[in-house]
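**Q** What follows is a structure written as structure tokens; I'll ask about it next.
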Amino acid sequence: MPAPIIELRDVSKHFGEGDTRVDALRSVSLSVAPGEVIALLGPSGSGKTTLLNVIGCILEPSSGWVRLDDEVIYDGKMLRRDLRRLRLEKIGFIFQFHNLLPFLDATDNVAVAMELAGKSDRDARRAAGELLDYLEVGRRGAAFPAKLSGGEAQRVAIARALANKPRIILADEPTAALDSKRAGIVMDLLRKLAAEQQTAIVVVTHDEKIFDRFDRIHHLRDGQIDPAASSST
Amino acid sequence: MNLAYRDVRHNLGRFLLTCLGLGLLLGVVLAMIGIYRGLVVEALTLVQGMKADVWVVEANTQGPFAEASRIPGGAREAVARLPGVAAAGSLTFQTVEGDSSGQKVRLMTIGYEPDRPGGPANLIAGRAIGRSHYELVADVGSGLRLDDRVRLGRNLFQVVGLTKNQVASGGDPAAWITLLDSQRLQFDLAPPAARVQIARGMGAADRDIVNAVIARLDPGAAADEVATAARRWKHLSAMTSAEQETILTRSVVDRARRQIGMFTTILLVVSAVIIALIIYTMTMEKLKQIATLKLIGAPDRKIVAMIVQQSLALGMIGFCAGAALIMIIKDAFPRRVVLELDNLLTLGAIVFAVCLVASALGVRAALKVDPATALGG
């Protein structure tokens, strides 16, 4: 069994104090190995997004320990810019509504992430084109997001998430805006990427029609992973 | 990849429309600055055009522009004999409303002695006055043209020459006539009034009165010393040309100048607030995109650069549009709009600074955006 890329131990997060204290996460422990695709399920307010934010180097937990690709984060030594670098180099994000920049065409939406990581404009555009071809949306490279279909936009968003060859992909409801056929295609694509690039993928979803695409499904309830409801497929 | 440029290019129509709106606003600011400067320039035009070194007026007055001044016509001979004086000329000033082909023409008439100081400056058409009577040189701002005939008082004058930009501090176009004609115009009574005057035993009024005598000095002569010498006559007062200009700017047009200055300041503040609001709104519309950029790892400097560059582009394009607009239409204003390069550069620098400060509001909002807001619906 390879060492996990994502490892959380007893992670808790609360907001507010006293009467207004809300415990969003309570002693959550989780490991995701390279090539694994897992799902986080749970009702609204169960802590899914908070957990995604903690893994995504956005939200520091109140207590506990988080390690991403052999780097311990939130250890008090990491600065904001170090967390930003981690997000840029090791984590790819996929959003419910693709969140492409409306003023950039599909190629530039992917290239911008590469340029942020230090690639030159020409190299970034060439690599972005190749990535879009790989995701079978290369012919739409010059189209702006407003002209892309939902499925095409989500593929471009996936290409952007993959731009810097991340070790981790965090996806927030990536199929919510897609019909079941396209949702299946997107999930198959993610599974293929996980297998080929040994990427750990965490997906927050309510979409029952894609449950069979996950290696494991974790149910969150009141900020805790419910072991009874969680399962491996 | 320049994100600011890409964003502008993608929304070019909207951006240019915003620039145009801002340009119109800045054009108004520039127009006010031009009117402000024009007021000062117009106030000094006549004084500077006469190229006088010393002004001799009635004792205890600041005439002839700031206060009424009446001195005997013979004062010119006395002034001309002062050491250092090369030439002297008598002048009268009177605002009159004439009639030309049925149209009312308001003029600041200046009576002068041809071949002596005080004649029309900046002649652009025709000639100076060549006859003793009934010829007139007018400023083009009056609407008069060469050979037009104008009734002033009881006499008809022919326009023989035209000047440009020669106006009184109140904005009335200047018109030169001979001193003799101007004295008749100013001091002659209408026949019924003259008959009443004679019946009261007061005799005919003395017409050899002028409002000021101006002197040009020999090279090397000191204007202060000549003015001091002229003041020794108790019935006269004297001032140098610089003192006359100070009276005009500090006294005659001071209130109007301050009024316009105040309005210009308010306009500048309003412009600054509007620029700040535009930039802030532009930033607020992009918060989700900014959150996405932050989430995928964009450094703060990239986001700050995007906002500041757009802000400066907006300000500078708006400023150029406003400046171009005013330069095109400034001659259509009824009074002079004077815009010098230093005015443009100063306002340009102010707009630049305002845009920087205004973008700070947007930058602050952008830097406060939590990358987590990019996640979720």
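Identifiers for the structure tokens are assigned positionally: chains receive A, B, ... in sequence, residues are indexed from 1 per chain, and ligands are indexed from 1 in the order shown.
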Neighbouring residues of Asp342 in chain B were defined as those with any atom within 12 Å, considering only C-alpha atoms; residues of the same chain fewer than 5 positions away were excluded. Please report them as a VMD selection string.
**A** chain B and resid 30 33 to 34 37 347 to 349
**Q** Store the residues of this selection in a file with C-alpha atoms, as an mmCIF file, in the first residue's frame.
**A**
```
data_model
loop_
_atom_site.group_PDB
_atom_site.id
_atom_site.type_symbol
_atom_site.label_atom_id
_atom_site.label_comp_id
_atom_site.auth_asym_id
_atom_site.auth_seq_id
_atom_site.Cartn_x
_atom_site.Cartn_y
_atom_site.Cartn_z
ATOM 1 C CA LEU B 30 -11.041 70.882 -17.663
ATOM 2 C CA ILE B 33 -10.132 75.129 -15.212
ATOM 3 C CA GLY B 34 -9.997 76.714 -18.677
ATOM 4 C CA ARG B 37 -7.659 80.629 -16.399
ATOM 5 C CA LEU B 347 -5.079 67.513 -13.994
ATOM 6 C CA GLY B 348 -3.539 64.415 -15.576
ATOM 7 C CA ALA B 349 -1.378 63.961 -12.480
#
```
**Q** Between chain B and chain A, at 7 Å or less, what are the per-residue closest atom pairs and their distances in Å? Count only C-alpha atoms, order by chain and rising residue number, and return it as CSV.
**A**
```
residue,atom,partner,partner_atom,distance
B:Met1,CA,A:Asp121,CA,6.6
B:Arg6,CA,A:Phe103,CA,6.2
B:Asp7,CA,A:Phe103,CA,5.1
B:His10,CA,A:Phe103,CA,5.3
B:Gln289,CA,A:Leu101,CA,6.1
B:Thr292,CA,A:Asn99,CA,6.8
B:Ile296,CA,A:Leu88,CA,5.6
B:Gly297,CA,A:Leu88,CA,4.4
B:Ala298,CA,A:Leu116,CA,6.1
B:Pro371,CA,A:Ile58,CA,6.9
B:Ala372,CA,A:Ile58,CA,6.5
B:Leu375,CA,A:Phe95,CA,6.1
B:Gly376,CA,A:Gln96,CA,6.5
B:Gly377,CA,A:Gln96,CA,6.4
```
**Q** Write down as JSON, numbers by chain the residues of range 14-135 of chain A whose backbone DSSP state falls under helix (DSSP H, G or I).
**A** {"A": [18, 19, 20, 48, 49, 50, 51, 52, 53, 54, 55, 80, 81, 82, 83, 84, 85, 86, 87, 88, 89, 90, 106, 107, 108, 109, 110, 111, 112, 113, 114, 115, 116, 121, 122, 123, 124, 125, 126, 127, 128, 129, 130, 131, 132, 133, 134]}
**Q** Range 133-185 of chain A: which residues are strand (DSSP E) by DSSP, as a list in words?
**A**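 Assigned to strand (DSSP E), within range 133-185 of chain A: Ile168, Ile169, Leu170, Ala171 and Asp172 of chain A.
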**Q** Please list as a list in words every residue within 9 Å of Ile225 in chain A, counting only C-alpha atoms and excluding residues in the same chain fewer than 5 positions away.
**A**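 Listing them by chain and then by number gives Arg26, Ser27, Val28, Ser29, Leu30, His218, His219, Leu220 and Ser230 of chain A.
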**Q** Suppose you want the space between CA of Gln183 in chain B and CA of Val105 in chain B; what is it in Å?
**A**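 Separation of CA of Gln183 in chain B and CA of Val105 in chain B: 19.6 Å.
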**Q** Show me, as a PyMOL selection string, the residues that have an atom within 10 Å of Leu46 in chain B when counting only C-alpha atoms, minus same-chain residues fewer than 2 positions from it.
**A** chain B and resi 41-44+48-51+110+118+120-121+165-169+174
**Q** Name the closest residue to Gly23 in chain B among the candidates B:Ile129, B:Ile317, B:Ala305, B:Ile124; distances are taken between atoms, counting only C-alpha atoms.
**A**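 Using only C-alpha atoms, Gly23 in chain B sits closest to B:Ile317.
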**Q** Excluding Val304 in chain B and residues on its chain fewer than 2 positions from it, collect all residues at most 9 Å away from it, counting only C-alpha atoms, and give them as a list of chain:residue names.
**A**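 Result of the neighbour search: B:Pro299, B:Asp300, B:Arg301, B:Lys302, B:Met306, B:Ile307, B:Val308, B:Gln309, B:Ser359, B:Ala360, B:Gly362, B:Val363, B:Arg364, B:Ala366, B:Leu367.
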**Q** Pull C-alpha atoms from the residues just selected and write them as a tab-separated table (two decimals), in the first residue's frame.
**A**
```
chain	number	residue	atom	x	y	z
B	299	PRO	CA	-0.30	35.83	-5.84
B	300	ASP	CA	-1.81	39.01	-4.43
B	301	ARG	CA	0.45	41.14	-6.63
B	302	LYS	CA	-1.15	39.66	-9.77
B	306	MET	CA	-5.03	43.73	-12.56
B	307	ILE	CA	-7.12	46.23	-10.57
B	308	VAL	CA	-4.56	49.06	-10.58
B	309	GLN	CA	-3.81	48.70	-14.31
B	359	SER	CA	-8.06	51.54	-6.83
B	360	ALA	CA	-6.91	51.11	-3.23
B	362	GLY	CA	-10.93	47.92	-4.90
B	363	VAL	CA	-7.60	46.35	-3.99
B	364	ARG	CA	-8.64	46.24	-0.33
B	366	ALA	CA	-10.03	42.06	-3.53
B	367	LEU	CA	-7.40	41.19	-0.94
```
**Q** Can you list, as a PDB file with N, CA and C atoms, in the first residue's frame, every protein, DNA or RNA residue that comes within 12 Å of Glu7 in chain A when you count only C-alpha atoms, leaving out same-chain residues fewer than 3 positions away?
**A**
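around-v9.pdb, written as the output of this step:
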```pdb
ATOM      1  N   ALA A   3       2.172   5.150   0.396  1.00  0.00           N
ATOM      2  CA  ALA A   3       1.905   6.152   1.453  1.00  0.00           C
ATOM      3  C   ALA A   3       0.818   7.101   0.971  1.00  0.00           C
ATOM      4  N   PRO A   4      -0.088   7.452   1.851  1.00  0.00           N
ATOM      5  CA  PRO A   4      -1.179   8.343   1.430  1.00  0.00           C
ATOM      6  C   PRO A   4      -0.671   9.731   1.024  1.00  0.00           C
ATOM      7  N   ASP A  10      -7.290  13.461  13.469  1.00  0.00           N
ATOM      8  CA  ASP A  10      -8.038  14.169  14.534  1.00  0.00           C
ATOM      9  C   ASP A  10      -8.223  15.659  14.238  1.00  0.00           C
ATOM     10  N   VAL A  11      -8.613  15.929  13.035  1.00  0.00           N
ATOM     11  CA  VAL A  11      -8.779  17.341  12.642  1.00  0.00           C
ATOM     12  C   VAL A  11     -10.133  17.855  13.133  1.00  0.00           C
ATOM     13  N   VAL A  28     -11.819  14.513  12.787  1.00  0.00           N
ATOM     14  CA  VAL A  28     -11.898  13.799  11.502  1.00  0.00           C
ATOM     15  C   VAL A  28     -10.522  13.239  11.157  1.00  0.00           C
ATOM     16  N   SER A  29     -10.457  11.966  10.838  1.00  0.00           N
ATOM     17  CA  SER A  29      -9.227  11.343  10.346  1.00  0.00           C
ATOM     18  C   SER A  29      -9.528  10.713   8.989  1.00  0.00           C
ATOM     19  N   LEU A  30      -8.614  10.947   8.063  1.00  0.00           N
ATOM     20  CA  LEU A  30      -8.874  10.500   6.700  1.00  0.00           C
ATOM     21  C   LEU A  30      -7.547  10.317   5.972  1.00  0.00           C
ATOM     22  N   SER A  31      -7.451   9.292   5.156  1.00  0.00           N
ATOM     23  CA  SER A  31      -6.264   9.093   4.317  1.00  0.00           C
ATOM     24  C   SER A  31      -6.723   8.799   2.899  1.00  0.00           C
ATOM     25  N   VAL A  32      -6.031   9.389   1.942  1.00  0.00           N
ATOM     26  CA  VAL A  32      -6.335   9.095   0.534  1.00  0.00           C
ATOM     27  C   VAL A  32      -5.019   8.734  -0.154  1.00  0.00           C
ATOM     28  N   ALA A  33      -4.995   7.571  -0.769  1.00  0.00           N
ATOM     29  CA  ALA A  33      -3.767   7.082  -1.415  1.00  0.00           C
ATOM     30  C   ALA A  33      -3.691   7.596  -2.850  1.00  0.00           C
ATOM     31  N   PRO A  34      -2.499   7.555  -3.462  1.00  0.00           N
ATOM     32  CA  PRO A  34      -2.379   7.937  -4.871  1.00  0.00           C
ATOM     33  C   PRO A  34      -3.283   7.059  -5.732  1.00  0.00           C
ATOM     34  N   VAL A  54     -10.077  22.699   4.380  1.00  0.00           N
ATOM     35  CA  VAL A  54      -8.910  22.330   5.197  1.00  0.00           C
ATOM     36  C   VAL A  54      -7.889  21.597   4.320  1.00  0.00           C
ATOM     37  N   ILE A  55      -8.369  20.645   3.522  1.00  0.00           N
ATOM     38  CA  ILE A  55      -7.446  19.902   2.642  1.00  0.00           C
ATOM     39  C   ILE A  55      -6.866  20.832   1.575  1.00  0.00           C
ATOM     40  N   GLY A  64      -5.506  19.286  15.388  1.00  0.00           N
ATOM     41  CA  GLY A  64      -5.290  18.138  14.507  1.00  0.00           C
ATOM     42  C   GLY A  64      -4.087  18.355  13.612  1.00  0.00           C
ATOM     43  N   TRP A  65      -3.916  17.410  12.730  1.00  0.00           N
ATOM     44  CA  TRP A  65      -2.685  17.346  11.952  1.00  0.00           C
ATOM     45  C   TRP A  65      -3.026  16.998  10.515  1.00  0.00           C
ATOM     46  N   VAL A  66      -2.461  17.769   9.558  1.00  0.00           N
ATOM     47  CA  VAL A  66      -2.760  17.531   8.138  1.00  0.00           C
ATOM     48  C   VAL A  66      -1.445  17.404   7.378  1.00  0.00           C
ATOM     49  N   ARG A  67      -1.341  16.337   6.580  1.00  0.00           N
ATOM     50  CA  ARG A  67      -0.146  16.186   5.737  1.00  0.00           C
ATOM     51  C   ARG A  67      -0.588  15.988   4.277  1.00  0.00           C
ATOM     52  N   LEU A  68       0.025  16.788   3.400  1.00  0.00           N
ATOM     53  CA  LEU A  68      -0.283  16.674   1.974  1.00  0.00           C
ATOM     54  C   LEU A  68       1.008  16.376   1.229  1.00  0.00           C
ATOM     55  N   ASP A  69       1.053  15.237   0.562  1.00  0.00           N
ATOM     56  CA  ASP A  69       2.226  14.866  -0.235  1.00  0.00           C
ATOM     57  C   ASP A  69       3.528  15.072   0.555  1.00  0.00           C
ATOM     58  N   ASP A  70       3.546  14.508   1.732  1.00  0.00           N
ATOM     59  CA  ASP A  70       4.729  14.530   2.608  1.00  0.00           C
ATOM     60  C   ASP A  70       5.061  15.889   3.213  1.00  0.00           C
ATOM     61  N   GLU A  71       4.177  16.848   3.073  1.00  0.00           N
ATOM     62  CA  GLU A  71       4.413  18.145   3.726  1.00  0.00           C
ATOM     63  C   GLU A  71       3.349  18.352   4.797  1.00  0.00           C
ATOM     64  N   VAL A  72       3.802  18.595   6.014  1.00  0.00           N
ATOM     65  CA  VAL A  72       2.854  18.873   7.097  1.00  0.00           C
ATOM     66  C   VAL A  72       2.472  20.345   7.002  1.00  0.00           C
ATOM     67  N   ILE A  73       1.189  20.584   6.889  1.00  0.00           N
ATOM     68  CA  ILE A  73       0.749  21.989   6.749  1.00  0.00           C
ATOM     69  C   ILE A  73       0.098  22.452   8.042  1.00  0.00           C
ATOM     70  N   ILE A 168      -3.039  16.252  -6.008  1.00  0.00           N
ATOM     71  CA  ILE A 168      -4.369  16.149  -5.380  1.00  0.00           C
ATOM     72  C   ILE A 168      -5.369  16.946  -6.220  1.00  0.00           C
ATOM     73  N   ALA A 200      -4.577  11.753  -6.151  1.00  0.00           N
ATOM     74  CA  ALA A 200      -5.637  11.477  -5.169  1.00  0.00           C
ATOM     75  C   ALA A 200      -6.771  12.469  -5.424  1.00  0.00           C
TER      76      ALA A 200
END
```
**Q** Any idea what the distance is between CA of His14 in chain A and CA of Leu79 in chain A?
**A**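 If I compute the distance from CA of His14 in chain A to CA of Leu79 in chain A, I get 21.2 Å.
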**Q** Please measure the separation of CA of Ala195 in chain A and CA of Ile5 in chain A, giving the value in Å to one decimal.
**A** 14.0 Å
**Q** When distances are computed from only C-alpha atoms, which of A:Lys90, A:Ser62, A:Val156, A:Arg182 shows the smallest separation from Ala106 in chain A?
**A**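 Among the listed residues, A:Val156 lies closest to Ala106 in chain A.
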**Q** Which residues are close to Leu179 in chain B, i.e. within 9 Å by only C-alpha atoms, leaving aside same-chain residues fewer than 3 positions away? Reply as an MDAnalysis selection string.
**A** chainID B and resid 90:92 110:114 132 176 182:184 210
**Q** Export, as a PDB file, in the first residue's frame, the selected residues with N, CA, C and O atoms.
**A**
```pdb
ATOM      1  N   SER B  90      -3.220 109.354 -23.660  1.00  0.00           N
ATOM      2  CA  SER B  90      -4.433 109.471 -22.845  1.00  0.00           C
ATOM      3  C   SER B  90      -5.430 108.408 -23.265  1.00  0.00           C
ATOM      4  O   SER B  90      -5.526 108.081 -24.458  1.00  0.00           O
ATOM      5  N   LEU B  91      -6.177 107.922 -22.311  1.00  0.00           N
ATOM      6  CA  LEU B  91      -7.148 106.862 -22.600  1.00  0.00           C
ATOM      7  C   LEU B  91      -8.463 107.121 -21.885  1.00  0.00           C
ATOM      8  O   LEU B  91      -8.476 107.663 -20.771  1.00  0.00           O
ATOM      9  N   THR B  92      -9.534 106.721 -22.536  1.00  0.00           N
ATOM     10  CA  THR B  92     -10.825 106.671 -21.849  1.00  0.00           C
ATOM     11  C   THR B  92     -11.365 105.244 -21.977  1.00  0.00           C
ATOM     12  O   THR B  92     -11.022 104.525 -22.933  1.00  0.00           O
ATOM     13  N   ILE B 110     -12.606 102.020 -25.998  1.00  0.00           N
ATOM     14  CA  ILE B 110     -11.371 102.617 -25.491  1.00  0.00           C
ATOM     15  C   ILE B 110     -11.021 103.774 -26.415  1.00  0.00           C
ATOM     16  O   ILE B 110     -10.855 103.581 -27.628  1.00  0.00           O
ATOM     17  N   GLY B 111     -10.997 104.951 -25.832  1.00  0.00           N
ATOM     18  CA  GLY B 111     -10.598 106.111 -26.620  1.00  0.00           C
ATOM     19  C   GLY B 111      -9.097 106.310 -26.506  1.00  0.00           C
ATOM     20  O   GLY B 111      -8.554 106.259 -25.404  1.00  0.00           O
ATOM     21  N   TYR B 112      -8.428 106.471 -27.615  1.00  0.00           N
ATOM     22  CA  TYR B 112      -6.975 106.660 -27.570  1.00  0.00           C
ATOM     23  C   TYR B 112      -6.556 107.657 -28.636  1.00  0.00           C
ATOM     24  O   TYR B 112      -7.345 108.000 -29.526  1.00  0.00           O
ATOM     25  N   GLU B 113      -5.335 108.101 -28.502  1.00  0.00           N
ATOM     26  CA  GLU B 113      -4.805 109.042 -29.484  1.00  0.00           C
ATOM     27  C   GLU B 113      -3.964 108.251 -30.473  1.00  0.00           C
ATOM     28  O   GLU B 113      -2.935 107.684 -30.077  1.00  0.00           O
ATOM     29  N   PRO B 114      -4.393 108.206 -31.747  1.00  0.00           N
ATOM     30  CA  PRO B 114      -3.578 107.480 -32.727  1.00  0.00           C
ATOM     31  C   PRO B 114      -2.145 107.998 -32.706  1.00  0.00           C
ATOM     32  O   PRO B 114      -1.919 109.182 -32.467  1.00  0.00           O
ATOM     33  N   SER B 132      -9.639 111.088 -37.863  1.00  0.00           N
ATOM     34  CA  SER B 132      -9.878 111.641 -36.517  1.00  0.00           C
ATOM     35  C   SER B 132     -11.235 111.236 -35.946  1.00  0.00           C
ATOM     36  O   SER B 132     -11.430 111.272 -34.727  1.00  0.00           O
ATOM     37  N   TRP B 176     -11.835 100.151 -30.163  1.00  0.00           N
ATOM     38  CA  TRP B 176     -11.046 101.384 -30.067  1.00  0.00           C
ATOM     39  C   TRP B 176     -11.641 102.458 -30.966  1.00  0.00           C
ATOM     40  O   TRP B 176     -11.998 102.161 -32.137  1.00  0.00           O
ATOM     41  N   SER B 182     -14.362 109.377 -28.258  1.00  0.00           N
ATOM     42  CA  SER B 182     -14.738 108.736 -26.995  1.00  0.00           C
ATOM     43  C   SER B 182     -15.117 109.789 -25.954  1.00  0.00           C
ATOM     44  O   SER B 182     -16.015 109.573 -25.145  1.00  0.00           O
ATOM     45  N   GLN B 183     -14.434 110.944 -25.983  1.00  0.00           N
ATOM     46  CA  GLN B 183     -14.797 112.002 -25.024  1.00  0.00           C
ATOM     47  C   GLN B 183     -16.194 112.543 -25.324  1.00  0.00           C
ATOM     48  O   GLN B 183     -16.967 112.826 -24.412  1.00  0.00           O
ATOM     49  N   ARG B 184     -16.480 112.666 -26.622  1.00  0.00           N
ATOM     50  CA  ARG B 184     -17.846 113.098 -26.970  1.00  0.00           C
ATOM     51  C   ARG B 184     -18.866 112.068 -26.475  1.00  0.00           C
ATOM     52  O   ARG B 184     -19.887 112.405 -25.912  1.00  0.00           O
ATOM     53  N   VAL B 210      -9.939 112.641 -19.274  1.00  0.00           N
ATOM     54  CA  VAL B 210      -9.593 111.256 -19.646  1.00  0.00           C
ATOM     55  C   VAL B 210      -9.645 110.396 -18.383  1.00  0.00           C
ATOM     56  O   VAL B 210      -9.691 110.920 -17.266  1.00  0.00           O
TER      57      VAL B 210
END
```
